[in-house]
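Visitor: Starting off with a structure, shown below.
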Amino acid sequence: MEKWIEKYRGINPGVILDRELKKKKLKQTAFARDIKLPAQTLNAIIKGKRKMTPEVAFKIDNALGLEESTMAILQAMYDTTLVKHKIGIINHPDISRLRRILFWDTDFDKIDWQRQKNAVIRRVWERGNEDEKKEIQRFYGIDSTYAVINEIKPTRPDPSFLRKKSS
């Protein structure tokens, strides 16, 4: 799959549409009028209360100058994510072995373990215990875990008493 679209996997296309409209400084009602769509329908799509049909996606792509089928692909990817969540096929580590407090600033149940792999590995390596580190290594693999760990740079210099004295 193309790289540009990969970053939008699992995001409601209405959110992306809303951002595009704001970026181009377009009002929802005027945009809805331009593509001959009821304003309430466009608003429901943006709020995630309604799916984007292929016809509407095509109109939006044309009006915003996006590549053909962009919005339809985003809708399909979002629908696939919803199905995965519904049937429980989301691939994740054994979360019973990870303390939720490690991710205190995040909704633990909504972590996308594949997309946020680097951040998860860094967080567990900085704050996790040995069991948590082992679980992350098991889940992501040793090579991939160490590739991320080796990117981690110290955030502050060593204290002065640990530095070598220059002569």
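Ordering of the structure tokens sets the chain letters (A, B, ...), residue numbers begin anew at 1 in every chain, and ligands are numbered from 1 in the order given.
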Counting only C-alpha atoms, which residues of stretch 60-125 of chain A fall within 12 Å of stretch 17-37 of chain A, and what is the closest atom pair for each with its distance in Å at one decimal, ordered by chain and rising number, as CSV?

Guide:
```
residue,atom,partner,partner_atom,distance
A:Ile60,CA,A:Ile35,CA,7.1
A:Asp61,CA,A:Leu17,CA,9.8
A:Asn62,CA,A:Ile35,CA,9.0
A:Ala63,CA,A:Ile35,CA,7.0
A:Leu64,CA,A:Glu20,CA,8.0
A:Gly65,CA,A:Glu20,CA,10.7
A:Leu66,CA,A:Glu20,CA,10.2
A:Thr70,CA,A:Leu17,CA,10.8
A:Met71,CA,A:Leu17,CA,8.3
A:Ala72,CA,A:Leu17,CA,11.7
A:Leu74,CA,A:Leu17,CA,10.3
A:Gln75,CA,A:Leu17,CA,11.0
```

Visitor: Identify, on the basis of only C-alpha atoms, every residue whose closest approach to stretch 128-135 of chain A does not exceed 12 Å; exclude the query and any residue fewer than 6 positions from it along the same chain; express the result as a list in words.

Guide: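 Final neighbour list, sorted by chain and number: His92, Pro93, Asp94, Ile95, Ser96, Arg97, Leu98, Arg99, Arg100, Ile101, Leu102, Phe103, Val120, Ile121, Arg122, Gly141, Ile142, Thr145, Tyr146 and Ile149 of chain A.
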
Visitor: Restricting the output to C-alpha atoms, write the selected residues as a compact mmCIF listing (two decimals), in the first residue's frame.

Guide:
```txt
# COMPACT_ATOMS: atom_id res chain seq x y z
CA HIS A 92 -1.50 -6.92 20.34
CA PRO A 93 0.91 -8.12 22.99
CA ASP A 94 -0.28 -10.00 26.05
CA ILE A 95 -1.64 -6.92 27.80
CA SER A 96 -1.98 -8.79 31.09
CA ARG A 97 1.83 -8.60 31.25
CA LEU A 98 1.93 -4.80 30.78
CA ARG A 99 1.07 -2.28 33.44
CA ARG A 100 -1.49 0.25 32.21
CA ILE A 101 0.30 2.97 34.18
CA LEU A 102 3.12 2.84 31.61
CA PHE A 103 0.70 4.49 29.21
CA VAL A 120 5.44 1.63 22.62
CA ILE A 121 8.92 0.10 22.54
CA ARG A 122 10.53 3.34 23.72
CA GLY A 141 10.75 -9.50 17.83
CA ILE A 142 14.25 -8.97 19.19
CA THR A 145 12.96 -4.03 19.29
CA TYR A 146 16.71 -3.41 19.34
CA ILE A 149 16.15 0.99 21.21
```

Visitor: Need the shell around A:Asn91: protein/DNA/RNA residues with any atom at most 12 Å away, counting only C-alpha atoms. Skip same-chain ones fewer than 2 positions apart. Format as a PDB file with N, CA and C atoms, in the first residue's frame?

Guide:
```pdb
ATOM      1  N   THR A  81     -11.115  -1.475   9.864  1.00  0.00           N
ATOM      2  CA  THR A  81     -10.671  -1.317  11.249  1.00  0.00           C
ATOM      3  C   THR A  81     -11.826  -1.563  12.216  1.00  0.00           C
ATOM      4  N   LYS A  84     -12.450  -5.268  12.432  1.00  0.00           N
ATOM      5  CA  LYS A  84     -11.411  -5.929  13.229  1.00  0.00           C
ATOM      6  C   LYS A  84     -11.662  -5.750  14.715  1.00  0.00           C
ATOM      7  N   HIS A  85     -12.021  -4.538  15.107  1.00  0.00           N
ATOM      8  CA  HIS A  85     -12.307  -4.287  16.525  1.00  0.00           C
ATOM      9  C   HIS A  85     -13.528  -5.100  16.976  1.00  0.00           C
ATOM     10  N   ILE A  87     -14.741  -7.972  15.835  1.00  0.00           N
ATOM     11  CA  ILE A  87     -14.538  -9.417  15.980  1.00  0.00           C
ATOM     12  C   ILE A  87     -13.285  -9.762  16.780  1.00  0.00           C
ATOM     13  N   GLY A  88     -12.555  -8.741  17.232  1.00  0.00           N
ATOM     14  CA  GLY A  88     -11.437  -8.962  18.135  1.00  0.00           C
ATOM     15  C   GLY A  88     -10.196  -9.550  17.514  1.00  0.00           C
ATOM     16  N   ILE A  89      -9.909  -9.196  16.279  1.00  0.00           N
ATOM     17  CA  ILE A  89      -8.719  -9.734  15.624  1.00  0.00           C
ATOM     18  C   ILE A  89      -7.553  -8.747  15.714  1.00  0.00           C
ATOM     19  N   PRO A  93       0.173  -7.279  22.034  1.00  0.00           N
ATOM     20  CA  PRO A  93       0.914  -8.118  22.988  1.00  0.00           C
ATOM     21  C   PRO A  93      -0.020  -8.620  24.087  1.00  0.00           C
ATOM     22  N   ASP A  94       0.489  -9.512  24.911  1.00  0.00           N
ATOM     23  CA  ASP A  94      -0.280 -10.004  26.051  1.00  0.00           C
ATOM     24  C   ASP A  94      -0.384  -8.850  27.047  1.00  0.00           C
ATOM     25  N   ILE A  95      -1.506  -8.145  26.989  1.00  0.00           N
ATOM     26  CA  ILE A  95      -1.636  -6.924  27.801  1.00  0.00           C
ATOM     27  C   ILE A  95      -1.738  -7.210  29.298  1.00  0.00           C
ATOM     28  N   ILE A 111      -4.775   1.871  21.976  1.00  0.00           N
ATOM     29  CA  ILE A 111      -3.426   1.879  21.417  1.00  0.00           C
ATOM     30  C   ILE A 111      -3.407   1.014  20.166  1.00  0.00           C
ATOM     31  N   ASP A 112      -2.885   1.560  19.079  1.00  0.00           N
ATOM     32  CA  ASP A 112      -2.695   0.790  17.846  1.00  0.00           C
ATOM     33  C   ASP A 112      -1.277   0.231  17.929  1.00  0.00           C
ATOM     34  N   TRP A 113      -1.161  -1.018  18.347  1.00  0.00           N
ATOM     35  CA  TRP A 113       0.127  -1.625  18.676  1.00  0.00           C
ATOM     36  C   TRP A 113       1.061  -1.711  17.485  1.00  0.00           C
ATOM     37  N   GLN A 114       0.520  -1.785  16.281  1.00  0.00           N
ATOM     38  CA  GLN A 114       1.374  -1.847  15.093  1.00  0.00           C
ATOM     39  C   GLN A 114       1.805  -0.451  14.660  1.00  0.00           C
ATOM     40  N   ARG A 115       0.867   0.455  14.583  1.00  0.00           N
ATOM     41  CA  ARG A 115       1.177   1.802  14.107  1.00  0.00           C
ATOM     42  C   ARG A 115       2.056   2.575  15.077  1.00  0.00           C
ATOM     43  N   LYS A 117       4.238   1.311  17.174  1.00  0.00           N
ATOM     44  CA  LYS A 117       5.267   0.367  17.622  1.00  0.00           C
ATOM     45  C   LYS A 117       6.483   1.065  18.237  1.00  0.00           C
ATOM     46  N   PHE A 139       6.678  -9.910  21.376  1.00  0.00           N
ATOM     47  CA  PHE A 139       5.646  -9.459  20.446  1.00  0.00           C
ATOM     48  C   PHE A 139       6.230  -8.851  19.168  1.00  0.00           C
ATOM     49  N   TYR A 140       7.172  -7.923  19.314  1.00  0.00           N
ATOM     50  CA  TYR A 140       7.720  -7.234  18.145  1.00  0.00           C
ATOM     51  C   TYR A 140       8.933  -7.946  17.534  1.00  0.00           C
TER      52      TYR A 140
END
```

Visitor: Which is closest to A:Lys110 among A:Gly10, A:Gly48, A:Pro54, A:Pro38, if we use only C-alpha atoms?

Guide: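 For A:Lys110, the nearest of the candidates is A:Gly10.
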
Visitor: I'd like the interatomic distance between atom CA of A:Ser144 and atom CA of A:Thr106, to a tenth of an Å.

Guide: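 A separation of 22.9 Å between them.
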
Visitor: Using only C-alpha atoms, which of the listed residues (A:Lys59, A:Lys86, A:Arg123, A:Lys47) sits closest to A:Ile16?

Guide: A:Lys47

Visitor: Using Å and a single decimal, report how far atom CA of A:Asp79 sits from atom CA of A:Asn12.

Guide: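 A separation of 8.6 Å between them.
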
Visitor: Determine which residues of stretch 66-98 of chain A receive a DSSP assignment of alpha helix (DSSP H), computed from the backbone, and state them as a PyMOL selection string.

Guide: chain A and resi 70-87

Visitor: Mind writing the picked residues with N, CA, C and O atoms as a PDB file, in the first residue's frame?

Guide:
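Once written, out28.pdb looks like this:
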```pdb
ATOM      1  N   THR A  70      -9.592   8.395  -3.454  1.00  0.00           N
ATOM      2  CA  THR A  70      -8.919   8.615  -2.170  1.00  0.00           C
ATOM      3  C   THR A  70      -9.888   8.446  -1.005  1.00  0.00           C
ATOM      4  O   THR A  70      -9.629   7.677  -0.072  1.00  0.00           O
ATOM      5  N   MET A  71     -10.995   9.159  -1.040  1.00  0.00           N
ATOM      6  CA  MET A  71     -11.951   9.100   0.071  1.00  0.00           C
ATOM      7  C   MET A  71     -12.605   7.722   0.170  1.00  0.00           C
ATOM      8  O   MET A  71     -12.867   7.238   1.268  1.00  0.00           O
ATOM      9  N   ALA A  72     -12.855   7.081  -0.951  1.00  0.00           N
ATOM     10  CA  ALA A  72     -13.455   5.738  -0.928  1.00  0.00           C
ATOM     11  C   ALA A  72     -12.492   4.745  -0.273  1.00  0.00           C
ATOM     12  O   ALA A  72     -12.913   3.882   0.508  1.00  0.00           O
ATOM     13  N   ILE A  73     -11.203   4.866  -0.577  1.00  0.00           N
ATOM     14  CA  ILE A  73     -10.196   3.986   0.032  1.00  0.00           C
ATOM     15  C   ILE A  73     -10.116   4.233   1.532  1.00  0.00           C
ATOM     16  O   ILE A  73     -10.069   3.288   2.336  1.00  0.00           O
ATOM     17  N   LEU A  74     -10.131   5.501   1.932  1.00  0.00           N
ATOM     18  CA  LEU A  74     -10.082   5.828   3.361  1.00  0.00           C
ATOM     19  C   LEU A  74     -11.296   5.267   4.091  1.00  0.00           C
ATOM     20  O   LEU A  74     -11.178   4.761   5.211  1.00  0.00           O
ATOM     21  N   GLN A  75     -12.473   5.352   3.451  1.00  0.00           N
ATOM     22  CA  GLN A  75     -13.694   4.804   4.061  1.00  0.00           C
ATOM     23  C   GLN A  75     -13.570   3.293   4.206  1.00  0.00           C
ATOM     24  O   GLN A  75     -13.907   2.735   5.249  1.00  0.00           O
ATOM     25  N   ALA A  76     -13.069   2.615   3.177  1.00  0.00           N
ATOM     26  CA  ALA A  76     -12.910   1.154   3.234  1.00  0.00           C
ATOM     27  C   ALA A  76     -11.931   0.751   4.331  1.00  0.00           C
ATOM     28  O   ALA A  76     -12.165  -0.221   5.063  1.00  0.00           O
ATOM     29  N   MET A  77     -10.821   1.481   4.450  1.00  0.00           N
ATOM     30  CA  MET A  77      -9.834   1.171   5.491  1.00  0.00           C
ATOM     31  C   MET A  77     -10.435   1.373   6.882  1.00  0.00           C
ATOM     32  O   MET A  77     -10.196   0.589   7.797  1.00  0.00           O
ATOM     33  N   TYR A  78     -11.223   2.434   7.038  1.00  0.00           N
ATOM     34  CA  TYR A  78     -11.870   2.701   8.319  1.00  0.00           C
ATOM     35  C   TYR A  78     -12.876   1.598   8.654  1.00  0.00           C
ATOM     36  O   TYR A  78     -12.918   1.106   9.785  1.00  0.00           O
ATOM     37  N   ASP A  79     -13.666   1.199   7.665  1.00  0.00           N
ATOM     38  CA  ASP A  79     -14.642   0.127   7.873  1.00  0.00           C
ATOM     39  C   ASP A  79     -13.956  -1.173   8.278  1.00  0.00           C
ATOM     40  O   ASP A  79     -14.435  -1.903   9.145  1.00  0.00           O
ATOM     41  N   THR A  80     -12.829  -1.466   7.652  1.00  0.00           N
ATOM     42  CA  THR A  80     -12.064  -2.675   7.974  1.00  0.00           C
ATOM     43  C   THR A  80     -11.584  -2.632   9.422  1.00  0.00           C
ATOM     44  O   THR A  80     -11.647  -3.631  10.145  1.00  0.00           O
ATOM     45  N   THR A  81     -11.115  -1.475   9.864  1.00  0.00           N
ATOM     46  CA  THR A  81     -10.671  -1.317  11.249  1.00  0.00           C
ATOM     47  C   THR A  81     -11.826  -1.563  12.216  1.00  0.00           C
ATOM     48  O   THR A  81     -11.650  -2.239  13.240  1.00  0.00           O
ATOM     49  N   LEU A  82     -13.001  -1.039  11.888  1.00  0.00           N
ATOM     50  CA  LEU A  82     -14.170  -1.251  12.756  1.00  0.00           C
ATOM     51  C   LEU A  82     -14.519  -2.732  12.851  1.00  0.00           C
ATOM     52  O   LEU A  82     -14.837  -3.232  13.926  1.00  0.00           O
ATOM     53  N   VAL A  83     -14.447  -3.443  11.734  1.00  0.00           N
ATOM     54  CA  VAL A  83     -14.742  -4.879  11.727  1.00  0.00           C
ATOM     55  C   VAL A  83     -13.719  -5.623  12.577  1.00  0.00           C
ATOM     56  O   VAL A  83     -14.079  -6.502  13.364  1.00  0.00           O
ATOM     57  N   LYS A  84     -12.450  -5.268  12.432  1.00  0.00           N
ATOM     58  CA  LYS A  84     -11.411  -5.929  13.229  1.00  0.00           C
ATOM     59  C   LYS A  84     -11.662  -5.750  14.715  1.00  0.00           C
ATOM     60  O   LYS A  84     -11.529  -6.686  15.500  1.00  0.00           O
ATOM     61  N   HIS A  85     -12.021  -4.538  15.107  1.00  0.00           N
ATOM     62  CA  HIS A  85     -12.307  -4.287  16.525  1.00  0.00           C
ATOM     63  C   HIS A  85     -13.528  -5.100  16.976  1.00  0.00           C
ATOM     64  O   HIS A  85     -13.537  -5.647  18.079  1.00  0.00           O
ATOM     65  N   LYS A  86     -14.528  -5.157  16.114  1.00  0.00           N
ATOM     66  CA  LYS A  86     -15.760  -5.855  16.464  1.00  0.00           C
ATOM     67  C   LYS A  86     -15.530  -7.351  16.689  1.00  0.00           C
ATOM     68  O   LYS A  86     -16.068  -7.931  17.619  1.00  0.00           O
ATOM     69  N   ILE A  87     -14.741  -7.972  15.835  1.00  0.00           N
ATOM     70  CA  ILE A  87     -14.538  -9.417  15.980  1.00  0.00           C
ATOM     71  C   ILE A  87     -13.285  -9.762  16.780  1.00  0.00           C
ATOM     72  O   ILE A  87     -12.977 -10.922  16.974  1.00  0.00           O
TER      73      ILE A  87
END
```

Visitor: Please, what distance in Å, to one decimal, runs between atom CA of A:Trp104 and atom CA of A:Glu6?

Guide: 26.4 Å
